[in-house]
Amino acid sequence: MSGISGSVEQMTQAHLRNVQQLAVFYTGHKNIYAINIAKVKAFIITEEVAINDTPRDTNVIAGIATIRGEPVTLINLDAWLGLPALEVKDYKLIIFCEFNHKKIGFLVKDMIDIVEKTTQELRHTEETNSKITYTTYVKVNNKDELCTVFNAEQLLRDIHWTNDGEDEVRKYVDAKLESSKVILAAEDSGVAREVLNKFFKQTGVRFEIYSNGELLIKRLEELNPNDIGMVLTDIEMPGTDGYQVASYVKNNKKFEHIPVIVNSSMTTDAVRGKMNKIGVDGFVGKTDISTLFELTKRHLLH
């Protein structure tokens with residue numbers, strides 16, 4: 001465990017090889033789930049941290065842990081998935097993550113492995129089950145077992161850490177943006193696409209939203225580069241991901257002048273560092289409407 005824990009921040013140059021690295025684990029009921037390693041700050045042994053119970057209106061929130069001197073909300077994935085929740089002490093590990101600048105810990109029974117999967121090996125299933133982003137197969141005891149990558153955006157919505165964006169859009173978008181240029185956006189999460197759609201309509205800009213990076217790049221090639229005001233991309237997407245979208249724009253003489261803004265719940269320093277090396281023009285956490293509006297004004301109207 002210490003080897004895994006000590007190397008999370010250095011783990012992935014995976015985007016350079018068009019793969020995602022997944023931390024694969026058992027839930028309390030031996031179901032096999034996974035999370036993108038780029039969202040993980042550390043793997044923590046549960047018994048080594050102080051955990052306090054806290055008043056709550058859902059059993060999905062299991063308490064508050066003190067990790068690295070910070071309060072971290074603990075999430076019981078079993079409860080969120082509709083399964084009986086075990087006692088906190090029965091979960092061996094906490095997967096300590098950061099989403100949209102919020103610290104969160106997932107209680108898991110045990111780690112299985114860290115695996116690499118090409119984006120083509122990840123089957124997108126959000127349309128059939130909103131709690132699932134992808135499914136894939138992993139080797140467990142020399143057998144191919146079904147593994148589910150859970151939908152963190154939907155989880156955050158379900159525990160009321162995020163919402164449909166309506167109030168934030170009305171609060172922070174205080175003016176229409178006058179521009180003849182179009183914004184191209186790539187976002188695979190239905191939850192996030194809903195928020196972006198409301199945001200763009202409120203700003204009055206021309207926009208097109210695609211469910212993956214491949215479709216955005218195809219559209220990019222169809223348009224006059226001078227007619228494109230900005231590219232907004234998620235990172236974690238099936239097929240062509242956000243690293244590839246950003247690289248395609250910034251490493252192409254034809255498109256390199258187009259501002260690229262990353263819109264992602266993966267807000268760790270490691271992820272930001274990778275995107276900065278590619279040369280993106282801005283980074284905004286999902287649901288951060290205030291920052292998104294400021295970046296859109298700055299780059300669309302420059």
# chains A, B, ... in the order shown; residues from 1 in each chain; ligands from 1
$ residues_around --residues "Leu232 of chain A" --least-positions-apart "5" --cutoff "8 Å" --atoms "only C-alpha atoms" --output "list in words"
Ile183, Leu184, Ala185, Ala186, Val260, Ile261, Val262 and Asn263 of chain A
$ closest_atom_pairs --of "segment 91-171 of chain A" --to "segment 287-296 of chain A" --cutoff "8 Å" --atoms "only C-alpha atoms" --output "CSV"
residue,atom,partner,partner_atom,distance
A:Asn100,CA,A:Thr287,CA,7.7
A:Thr162,CA,A:Thr287,CA,7.0
A:Gly165,CA,A:Thr287,CA,6.8
A:Glu168,CA,A:Ile289,CA,6.3
A:Val169,CA,A:Ile289,CA,6.4
$ residues_around --residues "segment 237-248 of chain A" --least-positions-apart "5" --cutoff "10 Å" --atoms "only C-alpha atoms" --output "compact mmCIF listing (two decimals) with all heavy atoms, in the first residue's frame"
# COMPACT_ATOMS: atom_id res chain seq x y z
N ALA A 14 -0.27 8.86 -18.49
CA ALA A 14 -1.08 7.96 -19.31
C ALA A 14 -1.71 8.66 -20.50
O ALA A 14 -1.88 8.07 -21.56
CB ALA A 14 -2.17 7.32 -18.44
N HIS A 15 -2.07 9.95 -20.34
CA HIS A 15 -2.72 10.66 -21.44
C HIS A 15 -1.85 10.73 -22.68
O HIS A 15 -2.34 10.85 -23.79
CB HIS A 15 -3.11 12.07 -21.00
CG HIS A 15 -1.94 12.94 -20.67
ND1 HIS A 15 -1.23 12.81 -19.51
CD2 HIS A 15 -1.35 13.94 -21.37
CE1 HIS A 15 -0.26 13.70 -19.49
NE2 HIS A 15 -0.31 14.39 -20.60
N LEU A 16 -0.52 10.65 -22.50
CA LEU A 16 0.38 10.70 -23.64
C LEU A 16 0.27 9.43 -24.47
O LEU A 16 0.67 9.40 -25.63
CB LEU A 16 1.82 10.90 -23.16
CG LEU A 16 2.08 12.19 -22.36
CD1 LEU A 16 3.51 12.23 -21.87
CD2 LEU A 16 1.76 13.41 -23.21
N ARG A 17 -0.26 8.35 -23.87
CA ARG A 17 -0.40 7.08 -24.58
C ARG A 17 -1.86 6.76 -24.87
O ARG A 17 -2.20 5.65 -25.22
CB ARG A 17 0.22 5.96 -23.74
CG ARG A 17 1.68 6.19 -23.40
CD ARG A 17 2.30 4.96 -22.76
NE ARG A 17 1.57 4.51 -21.59
CZ ARG A 17 1.68 5.04 -20.37
NH1 ARG A 17 2.48 6.08 -20.19
NH2 ARG A 17 1.00 4.55 -19.35
N ASN A 18 -2.75 7.74 -24.71
CA ASN A 18 -4.18 7.55 -24.96
C ASN A 18 -4.75 6.43 -24.11
O ASN A 18 -5.49 5.57 -24.60
CB ASN A 18 -4.44 7.28 -26.45
CG ASN A 18 -5.93 7.32 -26.78
OD1 ASN A 18 -6.71 7.94 -26.07
ND2 ASN A 18 -6.32 6.64 -27.85
N VAL A 19 -4.37 6.39 -22.84
CA VAL A 19 -4.95 5.42 -21.92
C VAL A 19 -5.39 6.14 -20.65
O VAL A 19 -4.93 7.24 -20.35
CB VAL A 19 -3.96 4.28 -21.55
CG1 VAL A 19 -3.56 3.50 -22.78
CG2 VAL A 19 -2.74 4.83 -20.81
N GLN A 20 -6.30 5.51 -19.93
CA GLN A 20 -6.66 5.98 -18.59
C GLN A 20 -6.14 4.96 -17.58
O GLN A 20 -6.22 3.75 -17.81
CB GLN A 20 -8.17 6.11 -18.45
CG GLN A 20 -8.76 7.28 -19.21
CD GLN A 20 -10.22 7.51 -18.87
OE1 GLN A 20 -10.69 7.13 -17.81
NE2 GLN A 20 -10.95 8.15 -19.77
N THR A 118 -7.18 1.56 -22.62
CA THR A 118 -7.35 2.53 -23.68
C THR A 118 -8.77 3.06 -23.63
O THR A 118 -9.68 2.38 -23.12
CB THR A 118 -7.10 1.91 -25.07
OG1 THR A 118 -8.14 0.95 -25.35
CG2 THR A 118 -5.75 1.24 -25.14
N THR A 119 -8.98 4.25 -24.12
CA THR A 119 -10.33 4.80 -24.10
C THR A 119 -11.29 3.96 -24.93
O THR A 119 -12.50 3.95 -24.67
CB THR A 119 -10.33 6.26 -24.60
OG1 THR A 119 -9.62 6.33 -25.84
CG2 THR A 119 -9.65 7.17 -23.60
N GLN A 120 -10.76 3.20 -25.90
CA GLN A 120 -11.61 2.32 -26.69
C GLN A 120 -12.09 1.11 -25.88
O GLN A 120 -13.07 0.46 -26.24
CB GLN A 120 -10.88 1.84 -27.95
CG GLN A 120 -10.76 2.89 -29.05
CD GLN A 120 -9.80 4.02 -28.70
OE1 GLN A 120 -8.82 3.79 -27.99
NE2 GLN A 120 -10.08 5.22 -29.17
N GLU A 121 -11.37 0.78 -24.80
CA GLU A 121 -11.75 -0.37 -23.97
C GLU A 121 -12.81 0.00 -22.92
O GLU A 121 -13.28 -0.87 -22.20
CB GLU A 121 -10.52 -0.94 -23.25
CG GLU A 121 -9.53 -1.61 -24.17
CD GLU A 121 -8.31 -2.11 -23.41
OE1 GLU A 121 -7.52 -1.25 -22.92
OE2 GLU A 121 -8.14 -3.32 -23.28
N LEU A 122 -13.15 1.27 -22.84
CA LEU A 122 -14.12 1.74 -21.87
C LEU A 122 -15.47 1.93 -22.57
O LEU A 122 -15.59 2.77 -23.46
CB LEU A 122 -13.66 3.04 -21.24
CG LEU A 122 -12.32 2.98 -20.49
CD1 LEU A 122 -11.86 4.37 -20.11
CD2 LEU A 122 -12.42 2.09 -19.26
N ARG A 123 -16.45 1.17 -22.15
CA ARG A 123 -17.78 1.27 -22.77
C ARG A 123 -18.60 2.31 -22.02
O ARG A 123 -18.84 2.19 -20.82
CB ARG A 123 -18.49 -0.09 -22.73
CG ARG A 123 -19.86 -0.07 -23.41
CD ARG A 123 -20.50 -1.45 -23.36
NE ARG A 123 -19.72 -2.40 -24.13
CZ ARG A 123 -19.86 -2.60 -25.44
NH1 ARG A 123 -20.75 -1.87 -26.11
NH2 ARG A 123 -19.13 -3.48 -26.08
N HIS A 124 -19.05 3.33 -22.74
CA HIS A 124 -19.80 4.42 -22.12
C HIS A 124 -21.23 3.98 -21.87
O HIS A 124 -21.93 3.57 -22.79
CB HIS A 124 -19.78 5.65 -23.05
CG HIS A 124 -20.18 6.92 -22.38
ND1 HIS A 124 -21.39 7.52 -22.58
CD2 HIS A 124 -19.52 7.71 -21.48
CE1 HIS A 124 -21.46 8.63 -21.86
NE2 HIS A 124 -20.34 8.77 -21.19
N THR A 133 -20.33 5.65 -15.37
CA THR A 133 -19.73 6.33 -16.51
C THR A 133 -19.29 5.34 -17.57
O THR A 133 -19.63 5.46 -18.74
CB THR A 133 -18.53 7.19 -16.07
OG1 THR A 133 -18.97 8.14 -15.09
CG2 THR A 133 -17.94 7.94 -17.25
N TYR A 134 -18.48 4.36 -17.15
CA TYR A 134 -17.99 3.35 -18.08
C TYR A 134 -18.08 1.97 -17.43
O TYR A 134 -18.11 1.83 -16.21
CB TYR A 134 -16.50 3.54 -18.43
CG TYR A 134 -16.07 4.91 -18.83
CD1 TYR A 134 -15.15 5.62 -18.07
CD2 TYR A 134 -16.55 5.49 -20.00
CE1 TYR A 134 -14.72 6.88 -18.45
CE2 TYR A 134 -16.14 6.75 -20.39
CZ TYR A 134 -15.22 7.43 -19.61
OH TYR A 134 -14.80 8.68 -19.99
N ALA A 186 -16.82 20.02 -25.50
CA ALA A 186 -16.89 18.56 -25.43
C ALA A 186 -17.10 18.15 -23.98
O ALA A 186 -16.31 18.54 -23.11
CB ALA A 186 -15.61 17.93 -25.98
N GLU A 187 -18.15 17.40 -23.73
CA GLU A 187 -18.50 16.99 -22.36
C GLU A 187 -19.33 15.70 -22.43
O GLU A 187 -20.39 15.68 -23.05
CB GLU A 187 -19.30 18.10 -21.68
CG GLU A 187 -19.86 17.75 -20.34
CD GLU A 187 -18.80 17.31 -19.36
OE1 GLU A 187 -17.98 18.15 -18.94
OE2 GLU A 187 -18.80 16.10 -19.01
N ASP A 188 -18.84 14.64 -21.80
CA ASP A 188 -19.56 13.36 -21.90
C ASP A 188 -20.61 13.18 -20.81
O ASP A 188 -21.51 12.35 -20.94
CB ASP A 188 -18.58 12.18 -21.87
CG ASP A 188 -17.93 11.99 -20.50
OD1 ASP A 188 -17.58 13.00 -19.87
OD2 ASP A 188 -17.77 10.83 -20.07
N SER A 189 -20.54 13.97 -19.75
CA SER A 189 -21.50 13.83 -18.64
C SER A 189 -22.80 14.57 -18.96
O SER A 189 -22.79 15.77 -19.23
CB SER A 189 -20.89 14.40 -17.36
OG SER A 189 -21.89 14.60 -16.37
N SER A 211 -20.60 15.21 -27.23
CA SER A 211 -20.49 14.26 -26.12
C SER A 211 -19.12 13.61 -26.00
O SER A 211 -18.88 12.85 -25.07
CB SER A 211 -21.56 13.17 -26.26
OG SER A 211 -21.41 12.47 -27.49
N ASN A 212 -18.23 13.90 -26.93
CA ASN A 212 -16.85 13.41 -26.79
C ASN A 212 -15.91 14.26 -27.64
O ASN A 212 -16.34 15.07 -28.48
CB ASN A 212 -16.74 11.92 -27.17
CG ASN A 212 -17.13 11.65 -28.62
OD1 ASN A 212 -16.56 12.22 -29.55
ND2 ASN A 212 -18.12 10.78 -28.82
N GLY A 213 -14.62 14.07 -27.43
CA GLY A 213 -13.63 14.88 -28.12
C GLY A 213 -13.52 14.61 -29.60
O GLY A 213 -13.20 15.51 -30.39
N GLU A 214 -13.78 13.37 -30.01
CA GLU A 214 -13.69 13.03 -31.42
C GLU A 214 -14.68 13.85 -32.25
O GLU A 214 -14.35 14.36 -33.33
CB GLU A 214 -13.96 11.54 -31.61
CG GLU A 214 -13.85 11.07 -33.05
CD GLU A 214 -14.11 9.58 -33.19
OE1 GLU A 214 -14.33 8.90 -32.17
OE2 GLU A 214 -14.09 9.10 -34.34
N LEU A 215 -15.90 13.99 -31.75
CA LEU A 215 -16.91 14.76 -32.47
C LEU A 215 -16.54 16.24 -32.52
O LEU A 215 -16.76 16.92 -33.53
CB LEU A 215 -18.28 14.59 -31.80
CG LEU A 215 -18.89 13.18 -31.88
CD1 LEU A 215 -20.16 13.10 -31.05
CD2 LEU A 215 -19.17 12.80 -33.34
N LEU A 216 -15.97 16.75 -31.42
CA LEU A 216 -15.55 18.15 -31.42
C LEU A 216 -14.46 18.39 -32.46
O LEU A 216 -14.51 19.37 -33.21
CB LEU A 216 -15.07 18.57 -30.03
CG LEU A 216 -14.70 20.06 -29.89
CD1 LEU A 216 -15.00 20.55 -28.48
CD2 LEU A 216 -13.22 20.30 -30.20
N ILE A 217 -13.47 17.51 -32.50
CA ILE A 217 -12.36 17.69 -33.45
C ILE A 217 -12.87 17.60 -34.89
O ILE A 217 -12.44 18.36 -35.77
CB ILE A 217 -11.26 16.65 -33.18
CG1 ILE A 217 -10.50 17.02 -31.89
CG2 ILE A 217 -10.28 16.57 -34.35
CD1 ILE A 217 -9.50 15.99 -31.45
N VAL A 231 -12.54 26.83 -27.39
CA VAL A 231 -12.82 25.40 -27.20
C VAL A 231 -12.87 25.13 -25.70
O VAL A 231 -11.96 25.52 -24.96
CB VAL A 231 -11.75 24.51 -27.87
CG1 VAL A 231 -11.88 23.07 -27.39
CG2 VAL A 231 -11.87 24.59 -29.39
N LEU A 232 -13.95 24.50 -25.26
CA LEU A 232 -14.12 24.14 -23.85
C LEU A 232 -14.18 22.62 -23.79
O LEU A 232 -15.02 22.01 -24.45
CB LEU A 232 -15.41 24.75 -23.31
CG LEU A 232 -15.71 24.52 -21.82
CD1 LEU A 232 -14.78 25.36 -20.94
CD2 LEU A 232 -17.17 24.85 -21.51
N LYS A 253 -0.77 24.33 -36.22
CA LYS A 253 -0.60 25.73 -36.62
C LYS A 253 -1.92 26.38 -37.02
O LYS A 253 -2.14 27.58 -36.82
CB LYS A 253 0.38 25.82 -37.79
CG LYS A 253 1.82 25.52 -37.43
CD LYS A 253 2.44 26.63 -36.61
CE LYS A 253 3.93 26.39 -36.38
NZ LYS A 253 4.51 27.41 -35.48
N PHE A 255 -4.86 25.86 -35.76
CA PHE A 255 -5.79 26.10 -34.67
C PHE A 255 -5.16 26.67 -33.40
O PHE A 255 -5.87 27.01 -32.46
CB PHE A 255 -6.50 24.79 -34.29
CG PHE A 255 -7.25 24.14 -35.42
CD1 PHE A 255 -6.89 22.88 -35.87
CD2 PHE A 255 -8.31 24.79 -36.03
CE1 PHE A 255 -7.57 22.27 -36.92
CE2 PHE A 255 -9.01 24.19 -37.07
CZ PHE A 255 -8.63 22.92 -37.52
N GLU A 256 -3.84 26.78 -33.34
CA GLU A 256 -3.16 27.07 -32.07
C GLU A 256 -3.57 28.41 -31.45
O GLU A 256 -3.40 28.61 -30.25
CB GLU A 256 -1.64 27.02 -32.25
CG GLU A 256 -1.10 28.06 -33.21
CD GLU A 256 0.40 27.96 -33.41
OE1 GLU A 256 1.01 27.04 -32.82
OE2 GLU A 256 0.96 28.80 -34.16
N PRO A 259 -8.33 29.81 -28.10
CA PRO A 259 -8.22 29.55 -26.67
C PRO A 259 -8.85 28.20 -26.30
O PRO A 259 -9.93 27.85 -26.80
CB PRO A 259 -9.00 30.71 -26.03
CG PRO A 259 -9.07 31.76 -27.08
CD PRO A 259 -9.10 31.04 -28.39
N VAL A 260 -8.16 27.45 -25.45
CA VAL A 260 -8.67 26.18 -24.95
C VAL A 260 -8.84 26.29 -23.44
O VAL A 260 -7.88 26.57 -22.72
CB VAL A 260 -7.73 25.00 -25.28
CG1 VAL A 260 -8.24 23.71 -24.64
CG2 VAL A 260 -7.61 24.83 -26.79
N ILE A 261 -10.07 26.07 -22.98
CA ILE A 261 -10.37 26.09 -21.55
C ILE A 261 -10.75 24.67 -21.12
O ILE A 261 -11.57 24.02 -21.78
CB ILE A 261 -11.53 27.05 -21.22
CG1 ILE A 261 -11.25 28.45 -21.78
CG2 ILE A 261 -11.79 27.10 -19.72
CD1 ILE A 261 -10.01 29.11 -21.21
N VAL A 262 -10.15 24.20 -20.05
CA VAL A 262 -10.47 22.88 -19.51
C VAL A 262 -11.55 23.04 -18.45
O VAL A 262 -11.42 23.85 -17.53
CB VAL A 262 -9.21 22.23 -18.90
CG1 VAL A 262 -9.57 20.86 -18.31
CG2 VAL A 262 -8.13 22.08 -19.95
N ASN A 263 -12.62 22.26 -18.59
CA ASN A 263 -13.74 22.27 -17.64
C ASN A 263 -13.84 20.87 -17.05
O ASN A 263 -14.37 19.95 -17.68
CB ASN A 263 -15.03 22.65 -18.39
CG ASN A 263 -16.24 22.70 -17.48
OD1 ASN A 263 -16.20 23.30 -16.43
ND2 ASN A 263 -17.32 22.04 -17.90
N SER A 264 -13.30 20.70 -15.84
CA SER A 264 -13.19 19.35 -15.30
C SER A 264 -13.34 19.32 -13.79
O SER A 264 -12.97 20.27 -13.10
CB SER A 264 -11.82 18.76 -15.68
OG SER A 264 -11.66 17.47 -15.13
N VAL A 271 -3.05 17.15 -12.42
CA VAL A 271 -3.84 17.28 -13.64
C VAL A 271 -3.64 18.66 -14.26
O VAL A 271 -3.44 18.80 -15.48
CB VAL A 271 -5.34 17.03 -13.34
CG1 VAL A 271 -6.20 17.40 -14.55
CG2 VAL A 271 -5.57 15.57 -12.95
N LYS A 274 -0.32 18.87 -16.11
CA LYS A 274 -0.30 18.23 -17.42
C LYS A 274 -0.94 19.12 -18.48
O LYS A 274 -0.43 19.26 -19.60
CB LYS A 274 -1.03 16.89 -17.36
CG LYS A 274 -0.30 15.83 -16.57
CD LYS A 274 -1.22 14.64 -16.35
CE LYS A 274 -0.71 13.80 -15.19
NZ LYS A 274 -1.72 12.84 -14.74
N MET A 275 -2.07 19.73 -18.12
CA MET A 275 -2.74 20.59 -19.07
C MET A 275 -1.93 21.86 -19.35
O MET A 275 -1.90 22.36 -20.48
CB MET A 275 -4.13 20.95 -18.56
CG MET A 275 -5.18 19.88 -18.85
SD MET A 275 -5.35 19.58 -20.64
CE MET A 275 -6.81 18.54 -20.68
N LYS A 277 1.28 22.07 -19.42
CA LYS A 277 2.36 21.69 -20.34
C LYS A 277 1.87 21.66 -21.78
O LYS A 277 2.61 21.97 -22.71
CB LYS A 277 2.93 20.33 -19.94
CG LYS A 277 3.82 20.37 -18.72
CD LYS A 277 4.38 18.99 -18.40
CE LYS A 277 5.25 19.04 -17.14
NZ LYS A 277 5.76 17.70 -16.78
N ILE A 278 0.62 21.27 -21.97
CA ILE A 278 0.04 21.25 -23.32
C ILE A 278 -0.15 22.68 -23.83
O ILE A 278 -0.07 22.94 -25.02
CB ILE A 278 -1.30 20.49 -23.31
CG1 ILE A 278 -1.03 19.00 -23.04
CG2 ILE A 278 -2.05 20.65 -24.63
CD1 ILE A 278 -2.29 18.18 -22.80
N GLY A 279 -0.40 23.62 -22.90
CA GLY A 279 -0.53 25.02 -23.28
C GLY A 279 -1.95 25.54 -23.28
O GLY A 279 -2.26 26.49 -24.02
N VAL A 280 -2.81 24.97 -22.42
CA VAL A 280 -4.20 25.45 -22.38
C VAL A 280 -4.24 26.87 -21.80
O VAL A 280 -3.31 27.32 -21.13
CB VAL A 280 -5.09 24.51 -21.55
CG1 VAL A 280 -5.10 23.11 -22.13
CG2 VAL A 280 -4.71 24.49 -20.08
N ASP A 281 -5.34 27.55 -22.07
CA ASP A 281 -5.47 28.96 -21.70
C ASP A 281 -6.22 29.18 -20.39
O ASP A 281 -6.29 30.31 -19.90
CB ASP A 281 -6.18 29.71 -22.82
CG ASP A 281 -5.41 29.61 -24.13
OD1 ASP A 281 -4.52 30.45 -24.36
OD2 ASP A 281 -5.68 28.68 -24.91
$ residues_around --residues "Trp161 of chain A" --least-positions-apart "3" --cutoff "10 Å" --atoms "only C-alpha atoms" --output "PyMOL selection string"
chain A and resi 100+102+153+155-158+287
$ closest_residue --among "A:Gln202, A:Thr46, A:Thr73, A:Asn197" --to "Ile61 of chain A" --atoms "only C-alpha atoms"
A:Thr73
$ atom_distance --atom1 "atom CA of Ile112 of chain A" --atom2 "atom CA of Ile32 of chain A"
8.6 Å
$ closest_residue --among "A:Asn129, A:Lys198, A:Glu236, A:Leu177" --to "His299 of chain A" --atoms "only C-alpha atoms"
A:Leu177
$ select_by_dssp --residues "segment 86-211 of chain A" --states "strand (DSSP E)" --output "number ranges by chain"
A: 93-99, 102-108, 110-118, 123-124, 132-140, 143-150, 182-186, 206-210
$ atom_distance --atom1 "atom CA of Val182 of chain A" --atom2 "atom CA of Pro225 of chain A"
10.1 Å
$ closest_residue --among "A:Leu300, A:Leu77, A:Leu107, A:Leu223" --to "Val149 of chain A" --atoms "only C-alpha atoms"
A:Leu77
$ atom_distance --atom1 "atom CA of Lys139 of chain A" --atom2 "atom CA of Ala23 of chain A"
12.8 Å
$ select_by_dssp --residues "segment 85-192 of chain A" --states "helix (DSSP H, G or I)" --output "ChimeraX atom specification"
/A:88-90,119-121,152-158,166-172,190-192
$ closest_residue --among "A:Leu74, A:Ala34, A:Ala175, A:Ala152" --to "Asp53 of chain A" --atoms "only C-alpha atoms"
A:Leu74
$ residues_around --residues "Glu70 of chain A" --least-positions-apart "3" --cutoff "12 Å" --atoms "only C-alpha atoms" --output "PyMOL selection string"
chain A and resi 49-51+64-67+73+96+102-105
$ closest_residue --among "A:Ile94, A:Ile209, A:Val249, A:Met266" --to "Phe25 of chain A" --atoms "only C-alpha atoms"
A:Ile94
$ residues_around --residues "Gln154 of chain A" --least-positions-apart "4" --cutoff "7 Å" --atoms "only C-alpha atoms" --output "PDB file with all heavy atoms, in the first residue's frame"
ATOM      1  N   SER A 130     -27.367   6.320 -14.812  1.00  0.00           N
ATOM      2  CA  SER A 130     -26.719   7.604 -14.538  1.00  0.00           C
ATOM      3  C   SER A 130     -25.603   7.501 -13.504  1.00  0.00           C
ATOM      4  O   SER A 130     -24.782   8.408 -13.397  1.00  0.00           O
ATOM      5  CB  SER A 130     -27.759   8.622 -14.064  1.00  0.00           C
ATOM      6  OG  SER A 130     -28.334   8.220 -12.823  1.00  0.00           O
ATOM      7  N   LYS A 131     -25.558   6.403 -12.732  1.00  0.00           N
ATOM      8  CA  LYS A 131     -24.505   6.251 -11.723  1.00  0.00           C
ATOM      9  C   LYS A 131     -23.228   5.631 -12.299  1.00  0.00           C
ATOM     10  O   LYS A 131     -22.236   5.505 -11.592  1.00  0.00           O
ATOM     11  CB  LYS A 131     -25.015   5.406 -10.556  1.00  0.00           C
ATOM     12  CG  LYS A 131     -26.113   6.100  -9.756  1.00  0.00           C
ATOM     13  CD  LYS A 131     -26.493   5.340  -8.504  1.00  0.00           C
ATOM     14  CE  LYS A 131     -27.554   6.119  -7.718  1.00  0.00           C
ATOM     15  NZ  LYS A 131     -27.911   5.452  -6.436  1.00  0.00           N
ATOM     16  N   ASP A 158     -26.228  13.971  -6.320  1.00  0.00           N
ATOM     17  CA  ASP A 158     -27.132  13.242  -5.430  1.00  0.00           C
ATOM     18  C   ASP A 158     -26.954  13.626  -3.960  1.00  0.00           C
ATOM     19  O   ASP A 158     -27.904  13.543  -3.180  1.00  0.00           O
ATOM     20  CB  ASP A 158     -26.942  11.728  -5.597  1.00  0.00           C
ATOM     21  CG  ASP A 158     -27.455  11.216  -6.936  1.00  0.00           C
ATOM     22  OD1 ASP A 158     -28.181  11.965  -7.618  1.00  0.00           O
ATOM     23  OD2 ASP A 158     -27.121  10.069  -7.309  1.00  0.00           O
ATOM     24  N   VAL A 191     -25.081  15.332 -16.850  1.00  0.00           N
ATOM     25  CA  VAL A 191     -25.269  16.323 -15.783  1.00  0.00           C
ATOM     26  C   VAL A 191     -24.558  17.619 -16.143  1.00  0.00           C
ATOM     27  O   VAL A 191     -25.120  18.717 -16.054  1.00  0.00           O
ATOM     28  CB  VAL A 191     -24.748  15.779 -14.440  1.00  0.00           C
ATOM     29  CG1 VAL A 191     -24.738  16.874 -13.377  1.00  0.00           C
ATOM     30  CG2 VAL A 191     -25.589  14.594 -13.966  1.00  0.00           C
TER      31      VAL A 191
END
$ closest_residue --among "A:Glu194, A:Glu47, A:Glu166, A:Glu145" --to "Lys30 of chain A" --atoms "only C-alpha atoms"
A:Glu145
